file upload.cif (mmCIF, C-alpha atoms and all ligand atoms)
data_query
loop_
_atom_site.label_atom_id
_atom_site.label_comp_id
_atom_site.auth_asym_id
_atom_site.auth_seq_id
_atom_site.Cartn_x
_atom_site.Cartn_y
_atom_site.Cartn_z
CA MET A 1 -3.05 10.86 30.05
CA LYS A 2 0.31 9.74 28.62
CA LYS A 3 2.53 11.24 25.93
CA ILE A 4 3.09 8.71 23.16
CA ILE A 5 5.17 8.79 19.99
CA THR A 6 6.02 6.53 17.11
CA GLY A 7 7.44 6.89 13.61
CA ILE A 8 7.77 4.71 10.54
CA THR A 9 10.87 4.86 8.35
CA THR A 10 10.26 5.71 4.70
CA THR A 11 12.46 2.95 3.33
CA GLY A 12 9.55 1.51 1.37
CA THR A 13 5.77 1.62 1.41
CA ILE A 14 4.25 1.05 4.84
CA THR A 15 3.46 -2.65 5.34
CA LEU A 16 0.81 -4.65 7.10
CA GLY A 17 3.54 -5.40 9.71
CA ASN A 18 4.04 -1.67 10.37
CA TYR A 19 0.26 -1.25 10.52
CA ILE A 20 -0.32 -4.03 13.06
CA GLY A 21 2.87 -3.40 15.09
CA ALA A 22 2.88 0.40 15.18
CA ILE A 23 -0.08 2.19 13.57
CA LYS A 24 -2.96 0.18 15.03
CA PRO A 25 -1.73 0.44 18.64
CA MET A 26 -1.38 4.22 18.13
CA LEU A 27 -4.92 4.46 16.76
CA ASP A 28 -6.22 2.48 19.74
CA LEU A 29 -4.52 4.94 22.13
CA GLN A 30 -5.49 8.10 20.25
CA ASN A 31 -8.59 9.08 22.20
CA ASP A 32 -7.15 9.22 25.71
CA ASN A 33 -3.56 10.35 25.28
CA GLU A 34 -1.34 13.07 23.82
CA MET A 35 -0.07 11.56 20.60
CA PHE A 36 2.79 12.26 18.18
CA MET A 37 3.17 10.32 14.94
CA PHE A 38 5.97 11.18 12.54
CA ILE A 39 7.28 10.19 9.16
CA ALA A 40 10.85 9.06 9.84
CA ASP A 41 12.42 10.33 6.64
CA LEU A 42 15.82 11.14 8.20
CA HIS A 43 16.08 7.57 9.44
CA ALA A 44 15.38 6.42 5.89
CA LEU A 45 18.56 8.09 4.62
CA VAL A 46 20.49 5.23 6.20
CA THR A 47 19.30 3.13 3.26
CA PRO A 48 20.49 4.79 0.04
CA SER A 49 17.72 5.71 -2.37
CA ASP A 50 16.92 7.93 -5.29
CA ALA A 51 15.70 11.45 -4.30
CA LYS A 52 12.56 11.09 -6.40
CA ASP A 53 11.65 7.75 -4.81
CA LEU A 54 12.26 9.06 -1.29
CA ARG A 55 10.06 12.12 -1.94
CA LEU A 56 7.27 9.90 -3.23
CA ARG A 57 7.53 7.59 -0.22
CA ILE A 58 7.33 10.56 2.18
CA SER A 59 4.27 11.90 0.39
CA ASN A 60 2.61 8.47 0.34
CA ALA A 61 3.40 7.81 4.01
CA SER A 62 1.85 11.16 5.01
CA ALA A 63 -1.37 10.35 3.17
CA ILE A 64 -1.38 6.78 4.55
CA TYR A 65 -1.14 8.04 8.16
CA PHE A 66 -4.26 10.16 7.82
CA ALA A 67 -5.99 7.49 5.71
CA CYS A 68 -5.41 5.00 8.56
CA GLY A 69 -7.41 7.27 10.85
CA PHE A 70 -5.09 9.66 12.69
CA ASP A 71 -7.12 12.64 13.78
CA PRO A 72 -5.12 15.88 13.53
CA LYS A 73 -7.01 17.25 16.55
CA ARG A 74 -5.73 14.41 18.71
CA THR A 75 -2.46 13.38 17.09
CA THR A 76 0.39 15.65 16.01
CA VAL A 77 1.42 14.18 12.65
CA PHE A 78 4.63 15.59 11.20
CA ILE A 79 7.61 14.93 8.95
CA GLN A 80 10.80 14.41 10.97
CA SER A 81 13.10 16.40 8.64
CA GLU A 82 10.81 19.44 8.92
CA VAL A 83 11.55 19.74 12.65
CA PRO A 84 15.29 20.55 12.96
CA ALA A 85 15.45 20.02 16.74
CA HIS A 86 15.56 16.25 16.08
CA THR A 87 18.99 16.38 14.43
CA GLN A 88 20.24 19.02 16.85
CA LEU A 89 19.43 16.89 19.88
CA ALA A 90 20.72 13.77 18.13
CA TRP A 91 24.17 15.37 17.95
CA ILE A 92 24.10 16.20 21.65
CA LEU A 93 23.05 12.62 22.45
CA ASN A 94 25.79 11.22 20.19
CA CYS A 95 28.27 13.05 22.39
CA HIS A 96 26.86 11.29 25.46
CA THR A 97 26.80 7.78 23.96
CA THR A 98 29.70 5.39 23.36
CA ILE A 99 30.57 3.60 20.15
CA GLY A 100 30.51 0.39 22.21
CA GLU A 101 26.87 0.92 23.19
CA LEU A 102 25.82 1.66 19.64
CA SER A 103 27.76 -1.19 18.05
CA ARG A 104 26.15 -3.66 20.48
CA MET A 105 22.66 -2.92 19.08
CA THR A 106 21.26 -6.04 17.41
CA GLN A 107 19.73 -4.04 14.57
CA PHE A 108 23.12 -2.45 13.80
CA LYS A 109 24.83 -5.83 13.92
CA ASP A 110 22.26 -7.47 11.63
CA LYS A 111 21.92 -4.63 9.15
CA SER A 112 25.65 -3.87 8.96
CA ALA A 113 26.44 -7.56 8.47
CA LYS A 114 23.97 -7.63 5.58
CA LYS A 115 25.41 -4.47 4.02
CA SER A 116 29.01 -5.51 4.20
CA SER A 117 30.49 -8.96 4.37
CA ASN A 118 34.04 -7.61 3.97
CA GLY A 119 34.78 -4.85 6.45
CA THR A 120 32.91 -1.71 7.43
CA GLU A 121 33.55 0.57 4.43
CA THR A 122 30.07 0.28 2.99
CA VAL A 123 28.23 0.67 6.29
CA PRO A 124 26.99 4.27 6.68
CA THR A 125 27.77 5.94 10.02
CA GLY A 126 24.06 6.74 10.25
CA LEU A 127 23.32 3.05 10.70
CA LEU A 128 25.44 3.11 13.86
CA THR A 129 23.96 6.38 15.19
CA TYR A 130 20.35 5.58 14.18
CA PRO A 131 19.41 4.86 17.85
CA THR A 132 20.57 8.29 19.05
CA LEU A 133 18.38 10.00 16.45
CA MET A 134 15.57 7.74 17.62
CA ALA A 135 16.32 8.72 21.23
CA ALA A 136 16.12 12.39 20.21
CA ASP A 137 12.73 11.77 18.54
CA ILE A 138 11.47 10.51 21.88
CA LEU A 139 13.24 12.70 24.45
CA LEU A 140 12.29 15.99 22.77
CA TYR A 141 8.63 15.48 23.60
CA ASP A 142 8.95 14.08 27.17
CA ILE A 143 7.40 10.87 25.94
CA ASP A 144 6.08 8.26 28.40
CA LEU A 145 5.29 5.39 26.01
CA VAL A 146 6.61 4.27 22.63
CA PRO A 147 4.59 1.59 20.81
CA VAL A 148 7.19 -0.52 19.01
CA GLY A 149 7.62 -3.94 17.52
CA LYS A 150 9.93 -6.36 19.35
CA ASP A 151 12.84 -5.41 17.10
CA GLN A 152 12.95 -1.89 18.52
CA LYS A 153 12.82 -2.70 22.25
CA GLN A 154 16.59 -2.51 22.61
CA HIS A 155 16.62 1.03 21.21
CA ILE A 156 14.13 2.18 23.84
CA GLU A 157 16.32 0.66 26.53
CA LEU A 158 19.30 2.57 25.15
CA THR A 159 17.21 5.78 25.11
CA ARG A 160 16.49 5.26 28.81
CA ASN A 161 20.18 4.65 29.51
CA ILE A 162 21.30 7.82 27.74
CA ALA A 163 18.53 9.85 29.42
CA THR A 164 19.45 8.50 32.87
CA ARG A 165 23.12 9.27 32.29
CA MET A 166 22.35 12.84 31.27
CA ASN A 167 19.84 13.31 34.10
CA ASN A 168 22.54 12.23 36.55
CA LYS A 169 24.97 14.70 35.06
CA TYR A 170 22.77 17.73 34.35
CA GLY A 171 19.73 17.44 36.62
CA LYS A 172 17.32 14.61 37.24
CA ASP A 173 14.34 16.23 35.55
CA LEU A 174 16.09 16.96 32.25
CA PHE A 175 14.56 13.97 30.47
CA THR A 176 11.46 11.85 31.00
CA LEU A 177 12.33 8.14 30.87
CA PRO A 178 10.22 6.45 28.17
CA LYS A 179 8.86 2.91 28.28
CA GLU A 180 8.13 0.68 25.34
CA TYR A 181 4.57 -0.40 24.72
CA THR A 182 4.30 -3.79 23.03
CA ASN A 183 1.80 -6.50 22.62
CA ASP A 184 3.86 -9.67 22.52
CA VAL A 185 1.63 -11.42 20.02
CA THR A 186 1.15 -8.74 17.39
CA ALA A 187 4.58 -7.19 17.92
CA LYS A 188 6.06 -9.20 15.09
CA ILE A 189 4.24 -9.92 11.87
CA MET A 190 6.29 -12.35 9.85
CA ASP A 191 7.47 -12.51 6.24
CA LEU A 192 4.89 -14.35 4.10
CA GLN A 193 7.53 -16.35 2.22
CA ASP A 194 9.90 -17.02 5.15
CA PRO A 195 7.78 -16.88 8.31
CA THR A 196 10.83 -17.19 10.54
CA LYS A 197 11.79 -13.62 9.51
CA LYS A 198 10.05 -10.33 10.28
CA MET A 199 7.90 -8.83 7.50
CA SER A 200 9.94 -5.88 6.18
CA LYS A 201 9.05 -3.16 3.69
CA SER A 202 12.54 -3.15 2.17
CA SER A 203 12.56 -6.88 1.41
CA ASP A 204 13.68 -7.72 -2.14
CA ASN A 205 10.90 -10.26 -2.52
CA GLN A 206 7.59 -8.42 -3.15
CA LYS A 207 5.65 -11.58 -2.27
CA SER A 208 7.04 -11.57 1.26
CA PHE A 209 5.18 -8.47 2.47
CA ILE A 210 1.86 -6.71 2.00
CA SER A 211 2.13 -3.00 1.37
CA LEU A 212 -0.82 -0.86 2.46
CA LEU A 213 -0.96 0.35 -1.16
CA ASP A 214 -1.05 -3.13 -2.73
CA LYS A 215 -4.16 -3.64 -4.82
CA PRO A 216 -6.49 -5.91 -2.80
CA GLU A 217 -6.32 -8.65 -5.47
CA VAL A 218 -2.51 -8.55 -5.28
CA ALA A 219 -2.62 -8.84 -1.47
CA ARG A 220 -5.03 -11.79 -1.78
CA LYS A 221 -2.61 -13.57 -4.11
CA LYS A 222 0.28 -12.96 -1.70
CA ILE A 223 -1.72 -14.45 1.18
CA ASN A 224 -2.81 -17.42 -0.93
CA SER A 225 0.79 -18.16 -1.84
CA SER A 226 2.15 -17.59 1.68
CA VAL A 227 4.30 -20.39 3.07
CA THR A 228 2.60 -22.64 5.66
CA ASP A 229 3.37 -26.35 6.23
CA SER A 230 2.05 -29.69 5.04
CA GLU A 231 0.13 -30.67 8.20
CA ASN A 232 -3.15 -28.93 7.27
CA LEU A 233 -3.93 -28.41 10.96
CA ILE A 234 -4.83 -24.89 12.12
CA LYS A 235 -3.03 -24.44 15.42
CA TYR A 236 -1.22 -21.47 17.01
CA ASP A 237 2.37 -22.60 17.44
CA PRO A 238 4.84 -19.92 16.29
CA VAL A 239 7.87 -22.20 16.74
CA ASN A 240 6.69 -25.26 14.83
CA LYS A 241 4.04 -23.67 12.62
CA PRO A 242 5.27 -20.10 11.99
CA GLY A 243 3.39 -19.55 8.73
CA VAL A 244 -0.02 -20.66 10.03
CA SER A 245 0.55 -18.82 13.34
CA ASN A 246 1.38 -15.64 11.44
CA LEU A 247 -1.90 -15.83 9.51
CA ILE A 248 -3.77 -16.41 12.78
CA THR A 249 -2.01 -13.38 14.31
CA ILE A 250 -2.92 -11.14 11.36
CA TYR A 251 -6.56 -12.25 11.56
CA SER A 252 -6.65 -11.80 15.33
CA ALA A 253 -5.13 -8.29 15.18
CA LEU A 254 -7.39 -7.01 12.42
CA LYS A 255 -10.59 -8.54 13.82
CA ASN A 256 -9.69 -7.57 17.43
CA GLU A 257 -10.26 -11.18 18.50
CA LYS A 258 -8.18 -13.24 20.92
CA ILE A 259 -5.84 -15.84 19.42
CA ASP A 260 -7.73 -18.67 21.21
CA ASP A 261 -11.03 -17.49 19.77
CA VAL A 262 -9.53 -17.33 16.28
CA VAL A 263 -8.17 -20.87 16.63
CA LYS A 264 -11.64 -22.05 17.72
CA HIS A 265 -13.21 -20.24 14.77
CA PHE A 266 -10.96 -22.17 12.34
CA ASP A 267 -11.25 -25.49 14.17
CA GLY A 268 -11.59 -28.35 11.63
CA LYS A 269 -11.15 -26.04 8.63
CA ASN A 270 -8.35 -26.29 6.10
CA TYR A 271 -5.57 -23.87 5.11
CA GLY A 272 -7.53 -22.77 2.03
CA VAL A 273 -10.29 -21.43 4.28
CA LEU A 274 -7.78 -19.80 6.65
CA LYS A 275 -6.02 -18.00 3.80
CA SER A 276 -9.26 -16.94 2.19
CA GLU A 277 -10.66 -15.45 5.44
CA VAL A 278 -7.38 -13.74 6.30
CA ALA A 279 -7.35 -12.29 2.78
CA ASP A 280 -10.93 -11.00 3.29
CA VAL A 281 -10.00 -9.02 6.42
CA VAL A 282 -6.77 -7.72 4.90
CA CYS A 283 -8.52 -6.66 1.67
CA GLU A 284 -11.22 -4.86 3.63
CA LEU A 285 -8.53 -2.92 5.51
CA LEU A 286 -6.65 -2.06 2.31
CA GLU A 287 -9.81 -0.91 0.53
CA ASN A 288 -10.74 1.42 3.41
CA ILE A 289 -7.25 2.90 3.64
CA GLN A 290 -6.80 3.27 -0.11
CA THR A 291 -10.15 5.01 -0.62
CA LYS A 292 -9.13 7.74 1.85
CA PHE A 293 -5.54 7.74 0.59
CA ASN A 294 -6.66 8.50 -2.97
CA THR A 295 -8.64 11.56 -1.88
CA LEU A 296 -5.72 12.98 0.13
CA VAL A 297 -2.41 12.21 -1.57
CA GLY A 298 -0.72 15.24 -3.13
CA THR A 299 -3.50 17.65 -2.06
CA LYS A 300 -3.26 21.05 -0.38
CA GLU A 301 -5.43 19.62 2.38
CA LEU A 302 -2.70 17.10 3.18
CA ARG A 303 0.01 19.81 3.14
CA ASP A 304 -2.10 21.92 5.51
CA LEU A 305 -2.49 19.00 7.90
CA LEU A 306 1.27 18.42 7.85
CA ASP A 307 1.97 22.13 8.40
CA ARG A 308 -0.25 22.07 11.44
CA GLY A 309 1.73 19.10 12.84
CA LYS A 310 5.04 20.70 11.94
CA GLN A 311 4.14 23.90 13.77
CA ARG A 312 3.12 22.14 16.95
CA ALA A 313 6.09 19.74 16.93
CA THR A 314 8.47 22.67 16.30
CA GLU A 315 7.08 24.68 19.21
CA ILE A 316 7.37 21.82 21.68
CA SER A 317 10.77 20.57 20.52
CA ASN A 318 12.38 24.03 20.32
CA LYS A 319 11.29 24.76 23.88
CA LYS A 320 12.79 21.47 25.06
CA LEU A 321 16.00 21.99 23.10
CA LYS A 322 16.43 25.46 24.61
CA LEU A 323 16.20 23.96 28.09
CA ILE A 324 18.67 21.19 27.23
CA ASN A 325 21.13 23.70 25.73
CA GLU A 326 20.97 25.80 28.88
CA LYS A 327 21.53 22.80 31.16
CA ILE A 328 24.52 21.48 29.22
CA GLY A 329 26.17 24.89 28.89
CA LEU A 330 25.53 25.84 25.27
N1 LIG B 1 6.87 -7.07 10.85
C1 LIG B 1 6.54 -6.22 11.82
N2 LIG B 1 5.67 -6.60 12.76
C2 LIG B 1 5.31 -5.73 13.76
N3 LIG B 1 5.80 -4.48 13.86
C3 LIG B 1 6.67 -4.08 12.93
N4 LIG B 1 7.33 -2.93 12.74
C4 LIG B 1 8.10 -3.02 11.64
N5 LIG B 1 7.97 -4.24 11.08
C5 LIG B 1 7.09 -4.92 11.86
C6 LIG B 1 7.19 -1.77 13.61
O1 LIG B 1 6.84 -0.65 12.80
C7 LIG B 1 7.43 0.52 13.37
C8 LIG B 1 8.15 1.28 12.31
O2 LIG B 1 9.25 0.52 11.87
P1 LIG B 1 10.27 1.15 10.88
O3 LIG B 1 9.69 1.22 9.55
O4 LIG B 1 10.74 2.46 11.40
O5 LIG B 1 11.52 0.20 10.95
P2 LIG B 1 11.64 -1.34 10.84
O6 LIG B 1 11.28 -1.97 12.13
O7 LIG B 1 13.03 -1.61 10.36
O8 LIG B 1 10.56 -1.71 9.76
P3 LIG B 1 10.75 -2.50 8.41
O9 LIG B 1 9.42 -2.53 7.70
O10 LIG B 1 11.41 -3.81 8.66
O11 LIG B 1 11.69 -1.53 7.61
P4 LIG B 1 13.02 -1.87 6.86
O12 LIG B 1 12.65 -2.88 5.82
O13 LIG B 1 13.45 -0.57 6.27
O14 LIG B 1 14.00 -2.39 7.85
C9 LIG B 1 8.33 0.07 14.51
O15 LIG B 1 7.62 0.26 15.72
C10 LIG B 1 8.54 -1.38 14.22
O16 LIG B 1 8.79 -2.12 15.40
#
call {"tool": "encode", "arguments": {"input": "upload.cif", "output": "structure tokens"}}
result
Amino acid sequence: MKKIITGITTTGTITLGNYIGAIKPMLDLQNDNEMFMFIADLHALVTPSDAKDLRLRISNASAIYFACGFDPKRTTVFIQSEVPAHTQLAWILNCHTTIGELSRMTQFKDKSAKKSSNGTETVPTGLLTYPTLMAADILLYDIDLVPVGKDQKQHIELTRNIATRMNNKYGKDLFTLPKEYTNDVTAKIMDLQDPTKKMSKSSDNQKSFISLLDKPEVARKKINSSVTDSENLIKYDPVNKPGVSNLITIYSALKNEKIDDVVKHFDGKNYGVLKSEVADVVCELLENIQTKFNTLVGTKELRDLLDRGKQRATEISNKKLKLINEKIGL
């Protein structure tokens, strides 16, 4: 049995990319492991937003997690900001990490370049220190595995480096070294309008991503208008045919079928058929999630489930933090 954690940032509504890259692998692991799934609302502060919007996104994300199938008996589901040990450990880790290490992170380089083309004034410090908060999320629970998309692999490597450094200094069993858990094919679901880019919930173009709360008919339209190519040949070739390959990947992930089998299934068919069948599986998923979501969102039942997760996460993380504080001399 392994300890496994993942979180999704509340910078927008959870997307199909988040579902396939992070939620589905967690659901598949839920029965045989000790699981932690959190709503990464502190990470979301890196992207400025209105308080009302953020609160709504946190509430929606909580209901979406349970609607996707997390079982509170098997998975500790909690809101990051409700467990203060995360920020406390993040500070300690910041003091054991260099600015050089953090500024070399690809995500920091990409996101800070996007935020500011003329200097660093508009780049929040939290964007730089995001990986140490992420390391705290992981190290507090002695996590073995972190299911992540490809974009986050570097942050797990940094977590291991910080943990190793602190183990060498304060005692080798201070931190468990986590490993990332990725499936190379489904690890990156691409933008529907520019399939060379990752699908992202904070994209300005609504047509480029499918939110788990999109009405099924809206999702179908987005898939129908997704960018492919003019060859009309269904083949899995992410480099030369990124749009078609992305649709194949989505179908394969949601139907639990191998890419080769999916390609055989669509052999000789045209893009219209591919899009229509991908839309069918996506709409079925959205309908199932949204039916459960609507019965849970904003209810006392949901708050009780979150309180249960908060209590368990607080107990474990406070115990760990106490040990860390003792070892480092606080
Ligand atoms: N397109 C994707 N394909 C596969 N996995 C993905 N993940 C995100 N996008 C894809 C995985 O989802 C988990 C949670 O990610 P996150 O929301 O914390 O951060 P992110 O990777 O920055 O996700 P977004 O949607 O792109 O958010 P914004 O738009 O705010 O930057 C992670 O495991 C991630 O790998």
call {"tool": "atom_distance", "arguments": {"input": "upload.cif", "atom1": "atom CA of Lys235 of chain A", "atom2": "atom CA of Gly268 of chain A"}}
result
10.1 Å
call {"tool": "closest_atom_pairs", "arguments": {"input": "upload.cif", "of": "chain A", "to": "ligand LIG 1 (chain B)", "cutoff": "8 Å", "atoms": "only C-alpha atoms and all ligand atoms", "output": "Markdown table"}}
result
| residue | atom | partner | partner_atom | distance |
| --- | --- | --- | --- | --- |
| A:Thr6 | CA | B:LIG1 | O15 | 6.6 |
| A:Gly7 | CA | B:LIG1 | C8 | 5.8 |
| A:Ile8 | CA | B:LIG1 | O4 | 3.8 |
| A:Thr9 | CA | B:LIG1 | O4 | 3.9 |
| A:Thr10 | CA | B:LIG1 | O3 | 6.6 |
| A:Thr11 | CA | B:LIG1 | O13 | 4.7 |
| A:Gly12 | CA | B:LIG1 | O13 | 6.6 |
| A:Ile14 | CA | B:LIG1 | O9 | 6.9 |
| A:Thr15 | CA | B:LIG1 | O9 | 6.4 |
| A:Leu16 | CA | B:LIG1 | N1 | 7.5 |
| A:Gly17 | CA | B:LIG1 | C1 | 3.8 |
| A:Asn18 | CA | B:LIG1 | O1 | 3.8 |
| A:Tyr19 | CA | B:LIG1 | O1 | 7.0 |
| A:Ile20 | CA | B:LIG1 | C2 | 5.9 |
| A:Gly21 | CA | B:LIG1 | N3 | 3.4 |
| A:Ala22 | CA | B:LIG1 | O1 | 4.7 |
| A:Ile23 | CA | B:LIG1 | O1 | 7.5 |
| A:Ala40 | CA | B:LIG1 | O4 | 6.8 |
| A:His43 | CA | B:LIG1 | O4 | 7.6 |
| A:Ala44 | CA | B:LIG1 | O13 | 7.3 |
| A:Thr47 | CA | B:LIG1 | O13 | 7.5 |
| A:Pro147 | CA | B:LIG1 | O15 | 6.1 |
| A:Val148 | CA | B:LIG1 | O15 | 3.4 |
| A:Gly149 | CA | B:LIG1 | O16 | 3.0 |
| A:Lys150 | CA | B:LIG1 | O16 | 5.9 |
| A:Asp151 | CA | B:LIG1 | O16 | 5.5 |
| A:Gln152 | CA | B:LIG1 | O16 | 5.2 |
| A:Lys153 | CA | B:LIG1 | O16 | 8.0 |
| A:Thr186 | CA | B:LIG1 | C2 | 6.3 |
| A:Ala187 | CA | B:LIG1 | C2 | 4.5 |
| A:Lys188 | CA | B:LIG1 | N2 | 3.5 |
| A:Ile189 | CA | B:LIG1 | N2 | 3.7 |
| A:Met190 | CA | B:LIG1 | N1 | 5.4 |
| A:Asp191 | CA | B:LIG1 | N1 | 7.2 |
| A:Lys198 | CA | B:LIG1 | N1 | 4.6 |
| A:Met199 | CA | B:LIG1 | N1 | 3.9 |
| A:Ser200 | CA | B:LIG1 | O10 | 3.5 |
| A:Lys201 | CA | B:LIG1 | O9 | 4.1 |
| A:Ser202 | CA | B:LIG1 | O12 | 3.7 |
| A:Ser203 | CA | B:LIG1 | O12 | 6.0 |
call {"tool": "write_last_selection", "arguments": {"input": "upload.cif", "atoms": "C-alpha atoms", "output": "compact mmCIF listing (two decimals), in the frame of the given file"}}
result
# COMPACT_ATOMS: atom_id res chain seq x y z
CA THR A 6 6.02 6.53 17.11
CA GLY A 7 7.44 6.89 13.61
CA ILE A 8 7.77 4.71 10.54
CA THR A 9 10.87 4.86 8.35
CA THR A 10 10.26 5.71 4.70
CA THR A 11 12.46 2.95 3.33
CA GLY A 12 9.55 1.51 1.37
CA ILE A 14 4.25 1.05 4.84
CA THR A 15 3.46 -2.65 5.34
CA LEU A 16 0.81 -4.65 7.10
CA GLY A 17 3.54 -5.40 9.71
CA ASN A 18 4.04 -1.67 10.37
CA TYR A 19 0.26 -1.25 10.52
CA ILE A 20 -0.32 -4.03 13.06
CA GLY A 21 2.87 -3.40 15.09
CA ALA A 22 2.88 0.40 15.18
CA ILE A 23 -0.08 2.19 13.57
CA ALA A 40 10.85 9.06 9.84
CA HIS A 43 16.08 7.57 9.44
CA ALA A 44 15.38 6.42 5.89
CA THR A 47 19.30 3.13 3.26
CA PRO A 147 4.59 1.59 20.81
CA VAL A 148 7.19 -0.52 19.01
CA GLY A 149 7.62 -3.94 17.52
CA LYS A 150 9.93 -6.36 19.35
CA ASP A 151 12.84 -5.41 17.10
CA GLN A 152 12.95 -1.89 18.52
CA LYS A 153 12.82 -2.70 22.25
CA THR A 186 1.15 -8.74 17.39
CA ALA A 187 4.58 -7.19 17.92
CA LYS A 188 6.06 -9.20 15.09
CA ILE A 189 4.24 -9.92 11.87
CA MET A 190 6.29 -12.35 9.85
CA ASP A 191 7.47 -12.51 6.24
CA LYS A 198 10.05 -10.33 10.28
CA MET A 199 7.90 -8.83 7.50
CA SER A 200 9.94 -5.88 6.18
CA LYS A 201 9.05 -3.16 3.69
CA SER A 202 12.54 -3.15 2.17
CA SER A 203 12.56 -6.88 1.41
call {"tool": "closest_residue", "arguments": {"input": "upload.cif", "among": "A:Lys3, A:Lys300, A:Lys222, A:Lys275", "to": "Thr76 of chain A", "atoms": "only C-alpha atoms"}}
result
A:Lys3
call {"tool": "atom_distance", "arguments": {"input": "upload.cif", "atom1": "atom CA of Asp280 of chain A", "atom2": "atom CA of Asp214 of chain A"}}
result
14.0 Å
call {"tool": "residues_near_point", "arguments": {"input": "upload.cif", "point": "(12.9, 24.2, 25.7)", "cutoff": "12 Å", "atoms": "all atoms listed in the file", "output": "list in words"}}
result
Ala85, Leu89, Leu139, Leu140, Tyr141, Asp142, Leu174, Phe175, Ala313, Thr314, Glu315, Ile316, Ser317, Asn318, Lys319, Lys320, Leu321, Lys322, Leu323, Ile324, Asn325, Glu326 and Lys327 of chain A
call {"tool": "residues_around", "arguments": {"input": "upload.cif", "residues": "Ala163 of chain A", "least_positions_apart": "5", "cutoff": "10 Å", "atoms": "only C-alpha atoms", "output": "list in words"}}
result
Leu93, His96, Ala135, Ala136, Leu139, Glu157, Leu158, Asn168, Lys169, Lys172, Asp173, Leu174, Phe175, Thr176, Leu177 and Pro178 of chain A
call {"tool": "residues_around", "arguments": {"input": "upload.cif", "residues": "segment 35-37 of chain A", "least_positions_apart": "3", "cutoff": "10 Å", "atoms": "all atoms listed in the file", "output": "JSON, numbers by chain"}}
result
{"A": [1, 2, 3, 4, 5, 6, 7, 8, 22, 23, 26, 27, 29, 30, 31, 32, 40, 65, 70, 71, 72, 73, 74, 75, 76, 77, 78, 79, 80, 137, 138, 141, 143, 145, 146, 309, 312, 313]}
call {"tool": "decode", "arguments": {"input": "upload.cif", "residues": "segment 221-247 of chain A", "atoms": "C-alpha atoms", "output": "compact mmCIF listing (two decimals), in the first residue's frame"}}
result
# COMPACT_ATOMS: atom_id res chain seq x y z
CA LYS A 221 -19.70 21.78 -30.02
CA LYS A 222 -16.17 22.38 -28.71
CA ILE A 223 -15.10 18.90 -29.84
CA ASN A 224 -16.76 19.34 -33.23
CA SER A 225 -14.91 22.60 -33.78
CA SER A 226 -11.57 21.30 -32.46
CA VAL A 227 -8.59 21.85 -34.74
CA THR A 228 -7.38 18.76 -36.64
CA ASP A 229 -5.73 18.77 -40.10
CA SER A 230 -6.81 18.41 -43.71
CA GLU A 231 -5.58 14.83 -44.28
CA ASN A 232 -8.76 13.08 -43.07
CA LEU A 233 -6.68 10.08 -41.96
CA ILE A 234 -7.13 8.81 -38.39
CA LYS A 235 -3.64 7.99 -37.19
CA TYR A 236 -1.88 8.43 -33.82
CA ASP A 237 1.02 10.77 -34.51
CA PRO A 238 1.28 13.51 -31.85
CA VAL A 239 4.05 15.37 -33.72
CA ASN A 240 2.49 15.60 -37.17
CA LYS A 241 -1.17 15.16 -36.27
CA PRO A 242 -1.52 16.68 -32.76
CA GLY A 243 -5.25 17.46 -32.99
CA VAL A 244 -6.32 14.00 -34.17
CA SER A 245 -3.90 12.32 -31.72
CA ASN A 246 -5.36 14.35 -28.87
CA LEU A 247 -8.89 13.17 -29.71
